[in-house]
file data14.txt (compact mmCIF, C-alpha atoms and all ligand atoms)
# COMPACT_ATOMS: atom_id res chain seq x y z
CA MET A 1 0.00 0.00 0.00
CA LEU A 2 1.14 3.55 -0.80
CA TYR A 3 0.23 6.23 1.72
CA LEU A 4 0.41 9.85 0.74
CA TYR A 5 1.18 12.87 2.91
CA SER A 6 0.68 16.11 1.07
CA PRO A 7 -1.19 18.90 2.87
CA ASP A 8 -0.93 20.86 -0.42
CA GLN A 9 -3.35 19.62 -3.10
CA PRO A 10 -4.09 16.24 -1.46
CA ALA A 11 -7.08 15.53 -3.72
CA LEU A 12 -5.04 16.19 -6.87
CA TYR A 13 -2.18 13.96 -5.71
CA LEU A 14 -4.57 11.19 -4.69
CA ARG A 15 -6.25 11.22 -8.10
CA LEU A 16 -2.91 11.28 -9.95
CA PHE A 17 -1.53 8.37 -7.89
CA LYS A 18 -4.70 6.31 -8.32
CA ASP A 19 -4.62 6.89 -12.09
CA ALA A 20 -0.91 6.09 -12.36
CA LEU A 21 -1.03 3.02 -10.09
CA PRO A 22 -4.29 1.18 -10.82
CA ASP A 23 -2.94 -2.04 -9.21
CA TRP A 24 -1.95 -0.31 -5.95
CA ASN A 25 -3.95 0.42 -2.86
CA VAL A 26 -3.43 4.19 -2.45
CA ALA A 27 -4.66 6.30 0.47
CA CYS A 28 -4.03 9.82 1.61
CA TRP A 29 -3.45 11.37 5.04
CA PRO A 30 -5.51 12.09 7.18
CA ASP A 31 -7.54 8.99 6.17
CA GLU A 32 -7.05 6.20 8.69
CA VAL A 33 -5.38 3.10 7.21
CA ASP A 34 -4.08 -0.25 8.42
CA ALA A 35 -0.54 0.91 9.29
CA ASP A 36 0.80 -2.65 8.93
CA ALA A 37 -0.18 -2.62 5.24
CA VAL A 38 1.79 0.52 4.36
CA THR A 39 5.04 -0.34 2.54
CA HIS A 40 5.52 2.90 0.59
CA VAL A 41 4.95 6.55 1.50
CA ALA A 42 5.07 9.61 -0.74
CA ALA A 43 5.46 12.77 1.32
CA TRP A 44 6.68 16.34 1.71
CA LYS A 45 7.29 17.84 5.16
CA PRO A 46 5.45 15.19 7.20
CA PRO A 47 5.20 16.01 10.93
CA ALA A 48 7.70 14.63 13.47
CA GLY A 49 7.16 10.94 14.25
CA PHE A 50 4.95 10.43 11.18
CA PHE A 51 6.82 7.35 9.91
CA ARG A 52 7.02 5.58 13.27
CA ARG A 53 3.58 4.01 12.90
CA PHE A 54 4.52 2.03 9.73
CA PRO A 55 6.52 -1.05 10.79
CA LYS A 56 6.67 -2.50 7.26
CA LEU A 57 7.80 0.70 5.55
CA GLU A 58 10.27 0.01 2.70
CA VAL A 59 10.49 3.17 0.61
CA VAL A 60 9.79 6.86 1.13
CA PHE A 61 9.30 8.90 -2.04
CA VAL A 62 10.11 12.53 -1.30
CA LEU A 63 7.84 14.95 -3.16
CA GLY A 64 10.75 17.32 -3.73
CA ALA A 65 14.46 17.34 -4.65
CA GLY A 66 16.07 18.21 -1.32
CA VAL A 67 16.18 15.51 1.36
CA ASP A 68 18.00 17.32 4.18
CA LYS A 69 14.93 17.40 6.43
CA PHE A 70 14.26 13.68 5.81
CA LEU A 71 17.84 12.73 6.73
CA GLN A 72 17.60 14.69 9.99
CA ARG A 73 14.56 12.70 11.21
CA ASP A 74 14.69 10.05 13.93
CA ASP A 75 11.67 8.05 12.69
CA LEU A 76 13.19 6.70 9.46
CA GLY A 77 15.35 3.60 10.06
CA GLU A 78 18.43 2.96 7.89
CA GLN A 79 16.61 0.07 6.18
CA VAL A 80 14.06 2.46 4.62
CA LYS A 81 15.11 3.63 1.15
CA ILE A 82 14.65 7.32 0.45
CA VAL A 83 14.02 8.35 -3.15
CA ARG A 84 13.77 12.00 -4.13
CA LEU A 85 12.60 13.70 -7.31
CA ALA A 86 15.19 14.01 -10.07
CA ASP A 87 14.27 17.09 -12.12
CA ALA A 88 10.59 16.13 -12.66
CA GLY A 89 9.85 19.56 -14.12
CA MET A 90 11.97 21.55 -11.68
CA ALA A 91 15.06 22.07 -13.88
CA GLN A 92 13.15 24.32 -16.30
CA GLN A 93 11.93 26.43 -13.37
CA MET A 94 15.48 26.62 -11.96
CA THR A 95 16.73 27.79 -15.36
CA GLU A 96 14.10 30.54 -15.42
CA TYR A 97 14.93 31.60 -11.86
CA CYS A 98 18.66 31.70 -12.55
CA LEU A 99 18.17 33.52 -15.83
CA TYR A 100 16.02 36.14 -14.12
CA GLY A 101 18.81 36.82 -11.61
CA VAL A 102 21.53 36.83 -14.26
CA LEU A 103 19.59 39.30 -16.43
CA HIS A 104 18.81 41.51 -13.42
CA TYR A 105 22.57 41.77 -12.88
CA GLN A 106 23.72 41.79 -16.50
CA ARG A 107 21.19 44.43 -17.60
CA GLN A 108 21.89 46.45 -14.42
CA MET A 109 18.27 46.39 -13.21
CA ASP A 110 19.54 46.62 -9.61
CA VAL A 111 21.37 49.83 -10.49
CA TYR A 112 18.39 51.24 -12.41
CA LEU A 113 16.04 50.49 -9.50
CA ARG A 114 18.27 52.47 -7.15
CA GLN A 115 18.53 55.27 -9.74
CA GLN A 116 14.76 55.28 -10.21
CA HIS A 117 14.21 55.76 -6.46
CA ALA A 118 16.63 58.71 -6.64
CA GLY A 119 15.02 60.09 -9.82
CA GLN A 120 18.28 59.64 -11.77
CA TRP A 121 18.54 59.15 -15.57
CA ARG A 122 21.97 57.55 -16.03
CA PRO A 123 22.49 54.99 -18.79
CA GLN A 124 24.96 52.28 -17.77
CA PRO A 125 27.40 50.52 -20.12
CA ALA A 126 25.87 47.54 -21.99
CA ARG A 127 27.23 44.09 -21.29
CA SER A 128 26.60 41.06 -23.50
CA ALA A 129 26.07 37.44 -22.41
CA LYS A 130 29.51 36.35 -23.61
CA ASP A 131 31.04 38.81 -21.12
CA VAL A 132 29.15 37.41 -18.12
CA ARG A 133 30.77 34.51 -16.25
CA VAL A 134 28.12 32.39 -14.53
CA SER A 135 29.38 29.72 -12.13
CA ILE A 136 27.04 26.98 -10.96
CA LEU A 137 27.70 25.42 -7.56
CA GLY A 138 26.04 21.99 -7.86
CA PRO A 139 25.63 20.98 -11.50
CA GLY A 140 23.44 17.99 -10.58
CA GLN A 141 19.96 17.16 -11.89
CA LEU A 142 18.91 20.81 -11.71
CA GLY A 143 22.17 22.74 -11.95
CA MET A 144 23.37 20.73 -14.94
CA GLN A 145 20.40 21.83 -17.04
CA VAL A 146 20.70 25.41 -15.83
CA ALA A 147 24.37 25.35 -16.84
CA GLN A 148 23.73 23.91 -20.28
CA ASN A 149 20.78 26.19 -21.01
CA LEU A 150 22.77 29.30 -20.08
CA ALA A 151 25.77 28.10 -22.09
CA LYS A 152 23.49 27.75 -25.13
CA MET A 153 22.39 31.35 -24.61
CA GLY A 154 25.99 32.52 -24.88
CA TYR A 155 27.01 32.94 -21.22
CA ARG A 156 30.44 31.77 -20.08
CA VAL A 157 29.40 28.97 -17.77
CA ALA A 158 31.38 26.93 -15.27
CA GLY A 159 30.23 24.24 -12.84
CA TRP A 160 31.63 23.09 -9.50
CA SER A 161 30.77 19.64 -8.15
CA ARG A 162 32.10 17.10 -5.64
CA GLN A 163 33.17 14.56 -8.26
CA PRO A 164 34.74 15.45 -11.63
CA ARG A 165 32.08 16.00 -14.32
CA GLN A 166 31.99 16.65 -18.05
CA LEU A 167 29.27 18.84 -19.54
CA ASP A 168 29.10 20.18 -23.08
CA GLY A 169 29.83 23.90 -23.18
CA VAL A 170 30.51 24.07 -19.43
CA ASP A 171 33.92 24.43 -17.82
CA CYS A 172 33.77 21.86 -15.00
CA VAL A 173 35.89 21.97 -11.86
CA HIS A 174 35.65 20.17 -8.52
CA GLY A 175 37.11 20.03 -5.04
CA ASP A 176 38.69 22.75 -2.88
CA ALA A 177 41.22 23.81 -5.51
CA GLY A 178 38.46 24.05 -8.13
CA LEU A 179 36.40 26.35 -5.89
CA ARG A 180 39.44 28.50 -5.05
CA SER A 181 40.13 29.14 -8.73
CA LEU A 182 36.47 29.48 -9.73
CA LEU A 183 35.18 32.13 -7.30
CA PRO A 184 37.52 34.99 -8.33
CA ALA A 185 36.63 34.24 -11.99
CA THR A 186 32.86 34.54 -11.42
CA ASP A 187 30.43 37.37 -12.11
CA VAL A 188 27.24 35.55 -11.05
CA LEU A 189 27.44 32.62 -8.63
CA PHE A 190 24.33 30.42 -8.93
CA CYS A 191 24.07 28.05 -5.97
CA VAL A 192 21.92 24.94 -6.17
CA LEU A 193 23.71 22.68 -3.72
CA PRO A 194 22.00 20.30 -1.31
CA ALA A 195 22.23 20.98 2.44
CA THR A 196 24.81 18.57 3.86
CA PRO A 197 27.43 18.85 6.63
CA GLU A 198 30.01 19.61 3.88
CA THR A 199 28.02 22.42 2.26
CA ARG A 200 27.02 24.13 5.54
CA HIS A 201 28.52 27.66 5.53
CA LEU A 202 30.61 26.74 2.49
CA LEU A 203 30.18 30.42 1.58
CA ASP A 204 31.69 31.89 4.73
CA GLY A 205 33.45 35.23 5.10
CA VAL A 206 36.69 33.86 3.64
CA ARG A 207 35.18 32.39 0.47
CA LEU A 208 32.79 35.31 -0.05
CA ALA A 209 35.89 37.51 -0.19
CA TRP A 210 37.18 35.44 -3.13
CA LEU A 211 34.30 36.70 -5.29
CA PRO A 212 34.83 39.95 -7.26
CA LYS A 213 33.71 43.08 -5.41
CA ASP A 214 30.97 43.81 -7.96
CA GLY A 215 29.82 40.18 -8.34
CA ALA A 216 26.42 38.64 -7.66
CA ILE A 217 25.09 35.59 -5.84
CA ILE A 218 21.86 33.71 -6.49
CA ASN A 219 21.07 31.04 -3.89
CA ALA A 220 18.29 28.61 -4.81
CA GLY A 221 19.70 25.52 -3.08
CA ARG A 222 19.47 25.68 0.71
CA GLY A 223 20.02 28.54 3.14
CA SER A 224 22.61 26.69 5.21
CA LEU A 225 25.12 27.18 2.37
CA ILE A 226 25.73 30.84 3.22
CA ASP A 227 26.87 32.30 6.52
CA GLN A 228 24.19 35.02 6.56
CA ASP A 229 26.07 37.22 9.06
CA ALA A 230 29.16 37.12 6.87
CA LEU A 231 27.03 37.92 3.83
CA LEU A 232 25.47 40.94 5.53
CA ASP A 233 28.89 42.13 6.66
CA HIS A 234 30.09 41.84 3.07
CA LEU A 235 27.12 43.71 1.67
CA ASP A 236 27.42 46.44 4.28
CA ARG A 237 31.06 46.95 3.31
CA GLY A 238 29.96 47.48 -0.30
CA ARG A 239 31.12 44.09 -1.53
CA LEU A 240 28.84 42.19 -3.93
CA ARG A 241 26.57 44.24 -6.17
CA PHE A 242 23.46 42.06 -6.10
CA VAL A 243 22.19 39.03 -4.17
CA LEU A 244 19.03 37.06 -5.01
CA LEU A 245 18.01 34.73 -2.20
CA ASP A 246 15.26 32.11 -2.34
CA VAL A 247 16.39 30.07 0.66
CA PHE A 248 17.46 31.02 4.18
CA ALA A 249 18.98 29.58 7.34
CA GLU A 250 15.53 29.88 8.97
CA GLU A 251 12.36 29.88 6.87
CA PRO A 252 10.33 32.01 6.77
CA LEU A 253 13.02 34.66 7.13
CA GLY A 254 12.44 36.31 10.52
CA GLU A 255 10.44 39.51 10.73
CA GLY A 256 12.81 42.45 10.94
CA HIS A 257 15.81 40.48 9.64
CA PRO A 258 18.27 42.97 8.08
CA LEU A 259 18.26 41.03 4.78
CA TRP A 260 14.62 42.05 4.18
CA ARG A 261 15.47 45.70 3.68
CA HIS A 262 19.00 45.50 2.31
CA PRO A 263 19.19 47.62 -0.87
CA ARG A 264 21.36 45.04 -2.67
CA VAL A 265 19.19 42.05 -1.83
CA LEU A 266 16.16 40.62 -3.63
CA ILE A 267 14.16 38.01 -1.69
CA THR A 268 11.75 35.32 -2.85
CA PRO A 269 9.98 32.91 -0.44
CA HIS A 270 11.45 29.51 -1.45
CA VAL A 271 9.73 29.36 -4.83
CA ALA A 272 12.60 28.88 -7.30
CA ALA A 273 11.31 25.47 -8.40
CA ASP A 274 8.05 23.97 -7.19
CA THR A 275 7.16 20.31 -7.40
CA VAL A 276 4.98 19.66 -10.47
CA PRO A 277 2.41 17.10 -9.24
CA ALA A 278 1.83 15.26 -12.56
CA GLU A 279 5.58 14.98 -13.27
CA ALA A 280 6.32 13.93 -9.69
CA VAL A 281 3.71 11.17 -9.68
CA GLY A 282 4.80 10.00 -13.15
CA GLN A 283 8.39 9.67 -11.95
CA ILE A 284 7.38 7.84 -8.76
CA ALA A 285 5.16 5.42 -10.69
CA ALA A 286 8.05 4.73 -13.11
CA ASN A 287 10.38 4.16 -10.15
CA LEU A 288 7.95 1.68 -8.59
CA ARG A 289 8.05 -0.36 -11.82
CA VAL A 290 11.87 -0.19 -11.81
CA PHE A 291 11.97 -1.29 -8.13
CA ALA A 292 9.72 -4.24 -9.00
CA LYS A 293 12.32 -5.38 -11.55
CA GLY A 294 15.12 -5.00 -8.97
CA LEU A 295 16.88 -2.34 -11.07
CA PRO A 296 18.50 0.90 -9.82
CA VAL A 297 16.01 3.76 -9.49
CA THR A 298 16.41 7.43 -10.35
CA GLY A 299 16.91 9.62 -7.31
CA LEU A 300 17.86 6.98 -4.74
CA VAL A 301 19.44 8.94 -1.88
CA ASP A 302 22.88 8.02 -0.59
CA ARG A 303 22.49 8.61 3.15
CA ARG A 304 26.25 8.77 3.75
CA ARG A 305 26.71 11.48 1.09
CA GLY A 306 23.65 13.30 2.38
CA TYR A 307 21.96 13.81 -1.00
P1 LIG B 1 21.53 16.60 -7.19
O1 LIG B 1 21.14 16.05 -8.52
O2 LIG B 1 21.81 15.65 -6.08
O3 LIG B 1 22.83 17.52 -7.45
C1 LIG B 1 23.57 18.02 -6.40
C2 LIG B 1 24.84 18.64 -6.95
O4 LIG B 1 25.56 19.22 -5.87
C3 LIG B 1 25.77 17.62 -7.61
O5 LIG B 1 26.40 18.21 -8.74
C4 LIG B 1 26.78 17.37 -6.52
O6 LIG B 1 28.08 16.98 -6.97
C5 LIG B 1 26.89 18.74 -5.89
N1 LIG B 1 27.42 18.64 -4.53
C6 LIG B 1 26.85 18.07 -3.44
N2 LIG B 1 27.66 18.17 -2.38
C7 LIG B 1 28.77 18.83 -2.81
C8 LIG B 1 29.97 19.24 -2.19
N3 LIG B 1 30.22 18.98 -0.89
N4 LIG B 1 30.91 19.88 -2.93
C9 LIG B 1 30.68 20.13 -4.24
N5 LIG B 1 29.56 19.76 -4.91
C10 LIG B 1 28.61 19.12 -4.19
O7 LIG B 1 20.44 17.60 -6.65
P2 LIG B 1 19.37 18.46 -7.47
O8 LIG B 1 18.20 17.64 -7.79
O9 LIG B 1 20.08 19.16 -8.58
O10 LIG B 1 18.92 19.51 -6.35
C11 LIG B 1 19.89 20.32 -5.70
C12 LIG B 1 19.27 21.02 -4.51
O11 LIG B 1 18.42 22.08 -4.94
C13 LIG B 1 18.35 20.18 -3.65
O12 LIG B 1 19.11 19.35 -2.76
C14 LIG B 1 17.54 21.22 -2.91
O13 LIG B 1 18.18 21.55 -1.72
C15 LIG B 1 17.57 22.42 -3.85
N6 LIG B 1 16.24 22.74 -4.41
C16 LIG B 1 15.70 23.97 -4.14
C17 LIG B 1 14.46 24.30 -4.69
C18 LIG B 1 13.87 25.66 -4.45
O14 LIG B 1 12.72 25.90 -4.81
N7 LIG B 1 14.60 26.60 -3.91
C19 LIG B 1 13.77 23.39 -5.49
C20 LIG B 1 14.34 22.16 -5.74
C21 LIG B 1 15.60 21.85 -5.20
P3 LIG B 1 28.33 15.55 -7.69
O15 LIG B 1 27.80 15.77 -9.09
O16 LIG B 1 29.80 15.40 -7.64
O17 LIG B 1 27.54 14.55 -6.91
C1 LIG B 2 12.43 22.29 -2.74
O1 LIG B 2 13.07 23.05 -2.09
C2 LIG B 2 12.87 20.96 -3.06
O2 LIG B 2 13.88 20.54 -2.50
O3 LIG B 2 12.20 20.30 -3.87
call {"tool": "encode", "arguments": {"input": "data14.txt", "output": "structure tokens", "more": "lines below"}}
Ligand code: NAP
Ligand code: GLV
result
Amino acid sequence: MLYLYSPDQPALYLRLFKDALPDWNVACWPDEVDADAVTHVAAWKPPAGFFRRFPKLEVVFVLGAGVDKFLQRDDLGEQVKIVRLADAGMAQQMTEYCLYGVLHYQRQMDVYLRQQHAGQWRPQPARSAKDVRVSILGPGQLGMQVAQNLAKMGYRVAGWSRQPRQLDGVDCVHGDAGLRSLLPATDVLFCVLPATPETRHLLDGVRLAWLPKDGAIINAGRGSLIDQDALLDHLDRGRLRFVLLDVFAEEPLGEGHPLWRHPRVLITPHVAADTVPAEAVGQIAANLRVFAKGLPVTGLVDRRRGY
């Protein structure tokens, strides 16, 4: 039996799962079910202790890409496989989000906004895509497509990953040395890394200082990546021209937090790439068929790696 926990659009998800899995018994929280019969759960942000009642649980399908919150739970034993969404319609949204931020910077919209508020008419020098260096931290399922789409549009794109990678049109680097050489050669840093112990505060005061003074950061991965105090300190000292943040150390961002009103910061409320229900359910149904054949599934999480 597959049990579904999705406070957002539960009726839609239930219908999609029933259509996609006609041979499965599918039910949706808060309907009461025989907990012993539940072998699979599909969920996003289930409450603490939610999984404890299912002794025969085998697989949890995460209705999102990031699994940090699932790996921090104490009600999911090591024997339970965790499978997250791999793209499933989110890479296109990430490309759009990144492109918006890149254009905001490239076409100097941040400067024009400030000038508008001051009533100033001051044309700025034009800058073409081939002169903008966009570096992607995390060219995985989402970042890889962002990188390749921007490269096709003429941007100078680089990617930084844990393992060496090869991507057409993208200059790929990895490891500490790769990051050290990449940051000073970056105009726009697009971050789409998972939250893991290794990525926590990866962008601290020291590494932020490696970016050019008039550079930009777009963070659409997880808020733990950036030391927010160090970022504010940087911005206050006039370093970094523009920062677009979708994710934060604490969400929602606290009322009165200095980032809200910082003139160089644009904030969105964790919306860079939403789960697309039909794509998500299609991918989970395909994965269930792959599991049944004993083959490797897309999006199986490596708990040791943390993503
Ligand atoms: P993914 O396919 O697992 O890709 C993760 C990428 O990060 C890989 O390239 C990986 O390198 C790299 N990476 C991980 N740890 C690293 C480290 N310590 N050093 C260097 N590179 C590292 O994940 P995805 O599906 O693209 O999603 C990425 C993240 O985006 C999610 O985990 C989630 O947090 C976030 N997200 C945010 C939103 C939003 O709306 N804001 C929506 C969806 C997802 P390797 O290639 O070497 O493994
Ligand atoms: C959203 O943040 C996701 O990880 O899918």
call {"tool": "residues_near_ligand", "arguments": {"input": "data14.txt", "ligand": "ligand LIG 1 (chain B)", "cutoff": "7 Å", "atoms": "all atoms listed in the file", "output": "PDB file with C-alpha atoms, keeping the file's coordinate frame"}}
result
ATOM      1  CA  GLY A  64      10.750  17.320  -3.730  1.00  0.00           C
ATOM      2  CA  ALA A  65      14.460  17.340  -4.650  1.00  0.00           C
ATOM      3  CA  GLY A  66      16.070  18.210  -1.320  1.00  0.00           C
ATOM      4  CA  VAL A  67      16.180  15.510   1.360  1.00  0.00           C
ATOM      5  CA  LEU A  85      12.600  13.700  -7.310  1.00  0.00           C
ATOM      6  CA  ALA A  86      15.190  14.010 -10.070  1.00  0.00           C
ATOM      7  CA  ASP A  87      14.270  17.090 -12.120  1.00  0.00           C
ATOM      8  CA  MET A  90      11.970  21.550 -11.680  1.00  0.00           C
ATOM      9  CA  LEU A 137      27.700  25.420  -7.560  1.00  0.00           C
ATOM     10  CA  GLY A 138      26.040  21.990  -7.860  1.00  0.00           C
ATOM     11  CA  PRO A 139      25.630  20.980 -11.500  1.00  0.00           C
ATOM     12  CA  GLY A 140      23.440  17.990 -10.580  1.00  0.00           C
ATOM     13  CA  GLN A 141      19.960  17.160 -11.890  1.00  0.00           C
ATOM     14  CA  LEU A 142      18.910  20.810 -11.710  1.00  0.00           C
ATOM     15  CA  GLY A 143      22.170  22.740 -11.950  1.00  0.00           C
ATOM     16  CA  TRP A 160      31.630  23.090  -9.500  1.00  0.00           C
ATOM     17  CA  SER A 161      30.770  19.640  -8.150  1.00  0.00           C
ATOM     18  CA  ARG A 162      32.100  17.100  -5.640  1.00  0.00           C
ATOM     19  CA  GLN A 163      33.170  14.560  -8.260  1.00  0.00           C
ATOM     20  CA  PRO A 164      34.740  15.450 -11.630  1.00  0.00           C
ATOM     21  CA  ARG A 165      32.080  16.000 -14.320  1.00  0.00           C
ATOM     22  CA  HIS A 174      35.650  20.170  -8.520  1.00  0.00           C
ATOM     23  CA  GLY A 175      37.110  20.030  -5.040  1.00  0.00           C
ATOM     24  CA  VAL A 192      21.920  24.940  -6.170  1.00  0.00           C
ATOM     25  CA  LEU A 193      23.710  22.680  -3.720  1.00  0.00           C
ATOM     26  CA  PRO A 194      22.000  20.300  -1.310  1.00  0.00           C
ATOM     27  CA  ALA A 195      22.230  20.980   2.440  1.00  0.00           C
ATOM     28  CA  THR A 196      24.810  18.570   3.860  1.00  0.00           C
ATOM     29  CA  GLU A 198      30.010  19.610   3.880  1.00  0.00           C
ATOM     30  CA  THR A 199      28.020  22.420   2.260  1.00  0.00           C
ATOM     31  CA  ALA A 220      18.290  28.610  -4.810  1.00  0.00           C
ATOM     32  CA  GLY A 221      19.700  25.520  -3.080  1.00  0.00           C
ATOM     33  CA  ARG A 222      19.470  25.680   0.710  1.00  0.00           C
ATOM     34  CA  ASP A 246      15.260  32.110  -2.340  1.00  0.00           C
ATOM     35  CA  VAL A 247      16.390  30.070   0.660  1.00  0.00           C
ATOM     36  CA  HIS A 270      11.450  29.510  -1.450  1.00  0.00           C
ATOM     37  CA  VAL A 271       9.730  29.360  -4.830  1.00  0.00           C
ATOM     38  CA  ALA A 272      12.600  28.880  -7.300  1.00  0.00           C
ATOM     39  CA  ALA A 273      11.310  25.470  -8.400  1.00  0.00           C
ATOM     40  CA  ASP A 274       8.050  23.970  -7.190  1.00  0.00           C
ATOM     41  CA  TYR A 307      21.960  13.810  -1.000  1.00  0.00           C
TER      42      TYR A 307
END
call {"tool": "closest_residue", "arguments": {"input": "data14.txt", "among": "A:Val80, A:Leu2, A:Val206, A:Ala91", "to": "ligand LIG 2 (chain B)", "atoms": "only C-alpha atoms and all ligand atoms"}}
result
A:Ala91
call {"tool": "closest_residue", "arguments": {"input": "data14.txt", "among": "A:Arg180, A:His117, A:Gly101, A:Leu295", "to": "Ile267 in chain A", "atoms": "all atoms listed in the file"}}
result
A:Gly101
call {"tool": "atom_distance", "arguments": {"input": "data14.txt", "atom1": "CA of Val173 in chain A", "atom2": "CA of Gly159 in chain A"}}
result
6.2 Å
call {"tool": "atom_distance", "arguments": {"input": "data14.txt", "atom1": "CA of Leu179 in chain A", "atom2": "CA of Lys152 in chain A"}}
result
23.2 Å
call {"tool": "residues_around", "arguments": {"input": "data14.txt", "residues": "Arg107 in chain A", "least_positions_apart": "2", "cutoff": "12 Å", "atoms": "only C-alpha atoms", "output": "PDB file with C-alpha atoms, keeping the file's coordinate frame"}}
result
ATOM      1  CA  LEU A  99      18.170  33.520 -15.830  1.00  0.00           C
ATOM      2  CA  TYR A 100      16.020  36.140 -14.120  1.00  0.00           C
ATOM      3  CA  GLY A 101      18.810  36.820 -11.610  1.00  0.00           C
ATOM      4  CA  VAL A 102      21.530  36.830 -14.260  1.00  0.00           C
ATOM      5  CA  LEU A 103      19.590  39.300 -16.430  1.00  0.00           C
ATOM      6  CA  HIS A 104      18.810  41.510 -13.420  1.00  0.00           C
ATOM      7  CA  TYR A 105      22.570  41.770 -12.880  1.00  0.00           C
ATOM      8  CA  MET A 109      18.270  46.390 -13.210  1.00  0.00           C
ATOM      9  CA  ASP A 110      19.540  46.620  -9.610  1.00  0.00           C
ATOM     10  CA  VAL A 111      21.370  49.830 -10.490  1.00  0.00           C
ATOM     11  CA  TYR A 112      18.390  51.240 -12.410  1.00  0.00           C
ATOM     12  CA  LEU A 113      16.040  50.490  -9.500  1.00  0.00           C
ATOM     13  CA  PRO A 123      22.490  54.990 -18.790  1.00  0.00           C
ATOM     14  CA  GLN A 124      24.960  52.280 -17.770  1.00  0.00           C
ATOM     15  CA  PRO A 125      27.400  50.520 -20.120  1.00  0.00           C
ATOM     16  CA  ALA A 126      25.870  47.540 -21.990  1.00  0.00           C
ATOM     17  CA  ARG A 127      27.230  44.090 -21.290  1.00  0.00           C
ATOM     18  CA  SER A 128      26.600  41.060 -23.500  1.00  0.00           C
ATOM     19  CA  ALA A 129      26.070  37.440 -22.410  1.00  0.00           C
ATOM     20  CA  ASP A 131      31.040  38.810 -21.120  1.00  0.00           C
ATOM     21  CA  VAL A 132      29.150  37.410 -18.120  1.00  0.00           C
ATOM     22  CA  PHE A 242      23.460  42.060  -6.100  1.00  0.00           C
TER      23      PHE A 242
END
call {"tool": "atom_distance", "arguments": {"input": "data14.txt", "atom1": "CA of Pro258 in chain A", "atom2": "CA of Trp210 in chain A"}}
result
23.2 Å
call {"tool": "residues_around", "arguments": {"input": "data14.txt", "residues": "Tyr155 in chain A", "least_positions_apart": "2", "cutoff": "6 Å", "atoms": "all atoms listed in the file", "output": "PyMOL selection string"}}
result
chain A and resi 129-130+132+150-151+153+157
call {"tool": "axis_aligned_box", "arguments": {"input": "data14.txt", "around": "range 92-107 of chain A", "padding_each_side": "8 Å", "output": "AutoDock Vina command-line options"}}
result
--center_x 17.8 --center_y 34.4 --center_z -14.6 --size_x 27.8 --size_y 36.1 --size_z 22.0
call {"tool": "residues_around", "arguments": {"input": "data14.txt", "residues": "Gly215 in chain A", "least_positions_apart": "5", "cutoff": "10 Å", "atoms": "all atoms listed in the file", "output": "VMD selection string"}}
result
chain A and resid 105 133 183 to 189 239 to 243
call {"tool": "closest_residue", "arguments": {"input": "data14.txt", "among": "A:Asp68, A:Asp236, A:Glu96, A:Asp36", "to": "ligand LIG 2 (chain B)", "atoms": "all atoms listed in the file"}}
result
A:Asp68
call {"tool": "closest_residue", "arguments": {"input": "data14.txt", "among": "A:Val33, A:Leu63, A:Ala249, A:Ser181", "to": "Ala278 in chain A", "atoms": "all atoms listed in the file"}}
result
A:Leu63
call {"tool": "closest_residue", "arguments": {"input": "data14.txt", "among": "A:Asp23, A:Asp302, A:Asp31, A:Glu251", "to": "ligand LIG 2 (chain B)", "atoms": "all atoms listed in the file"}}
result
A:Glu251
call {"tool": "closest_residue", "arguments": {"input": "data14.txt", "among": "A:Gly169, A:Leu300, A:Arg305, A:Pro252", "to": "Leu288 in chain A", "atoms": "all atoms listed in the file"}}
result
A:Leu300
call {"tool": "residues_near_point", "arguments": {"input": "data14.txt", "point": "(9.0, -2.5, 8.8)", "cutoff": "12 Å", "atoms": "all atoms listed in the file", "output": "list in words"}}
result
Ala35, Asp36, Ala37, Val38, Thr39, His40, Phe51, Arg52, Arg53, Phe54, Pro55, Lys56, Leu57, Glu58, Val59, Asp75, Leu76, Gly77, Glu78, Gln79, Val80 and Lys81 of chain A
